[in-house]
2 protein chains.
Amino acid sequence: MNKTHLGYQKTIDFYGCDPEKINSKDFIEQALLKAASIMNLTVINTTIHEFSPIGISGVIVIQESHIAIHTWPEHSYVALDVFTCNQSYSLESGMEWLKNAFKATHYIEEDIKRGALERINALNAIKNEN
Amino acid sequence: MNKTHLGYQKTIDFYGCDPEKINSKDFIEQALLKAASIMNLTVINTTIHEFSPIGISGVIVIQESHIAIHTWPEHSYVALDVFTCNQSYSLESGMEWLKNAFKATHYIEEDIKRGALERINALNAIKNEN
């Protein structure tokens, strides 16, 4: 399959999560590293930040781009983003694993494609003409 | 204005950028920190990674959530994400500054709202009934 875009972004919203689990910095860090491994994504660097009084933010630079997470324990809600430069990774198995880890009732994914190559090539052609 | 969502995400695509600038790790780091400051966002932690042979990835944890960047110098293209927990920041002034810094011909923003409070409250009510 020809690559049509430079970036493939998934937004995943987890609902009904266990508030205690998603308020633990260690738990979130370990869960993300495990999910990245299940999805066959290569972790370069991890930053997890604990907010006062509640909530965790985490960003992971991966060889394929990044993973970001924000948790709202008071709403049993987690927002996850997975941004990659190709689609050849096992998203579903990672998300199923995280759903169980967070004890979420369900999750909803959306797709965003970034940097359409057709548009980029057309714009660069115009720029080079000028 | 009442808060309707937990997360407000902007995706911004910069086209026609200067390839040399957007392939410099130091330049990208300084540009992001400056843009965060212009937007009145509070930086907690910065990670910038240089890919071989080309391209930069960066993620910044901010008090308000995160900023992520990926550059494709070979396509003069930059994908930026700004994820915040409220909308009270100066996005446009930051993006205008970055457009000039990257020497981009233009940029396109899209809005994504995450974690609709109406949905979250309804789901949590169902969960608590069971």
# chains A, B, ... in the order shown; residues from 1 in each chain; ligands from 1
call {"tool": "interface_residues", "arguments": {"of": "chain A", "to": "chain B", "cutoff": "10 Å", "atoms": "only C-alpha atoms", "output": "ChimeraX atom specification"}}
result
/A:6-7,11-17,44-49,51,56-72,75-80,83-85,105-106,112,114-115,117,119-121,123-128
call {"tool": "residues_around", "arguments": {"residues": "stretch 89-96 of chain A", "least_positions_apart": "5", "cutoff": "9 Å", "atoms": "only C-alpha atoms", "output": "list in words"}}
result
Lys10, Ile12, Lys34, Ala35, Ala36, Ser37, Ile38, Met39, Asn40, Leu41, Val82, Thr84, Ala101 and Tyr107 of chain A
call {"tool": "atom_distance", "arguments": {"atom1": "atom CA of A:Lys103", "atom2": "atom CA of A:Asp18"}}
result
5.6 Å
call {"tool": "atom_distance", "arguments": {"atom1": "atom CA of B:Ser88", "atom2": "atom CA of A:Gln9"}}
result
24.8 Å
call {"tool": "select_by_dssp", "arguments": {"residues": "stretch 3-130 of chain A", "states": "alpha helix (DSSP H)", "output": "NGL selection string"}}
result
:A and (25-38 or 91-102 or 117-129)
call {"tool": "atom_distance", "arguments": {"atom1": "atom CA of A:Asn2", "atom2": "atom CA of B:Ser24"}}
result
28.8 Å
call {"tool": "select_by_dssp", "arguments": {"residues": "chain A", "states": "strand (DSSP E)", "output": "ChimeraX atom specification"}}
result
/A:5-15,43-50,56-62,65-72,77-84,106-116
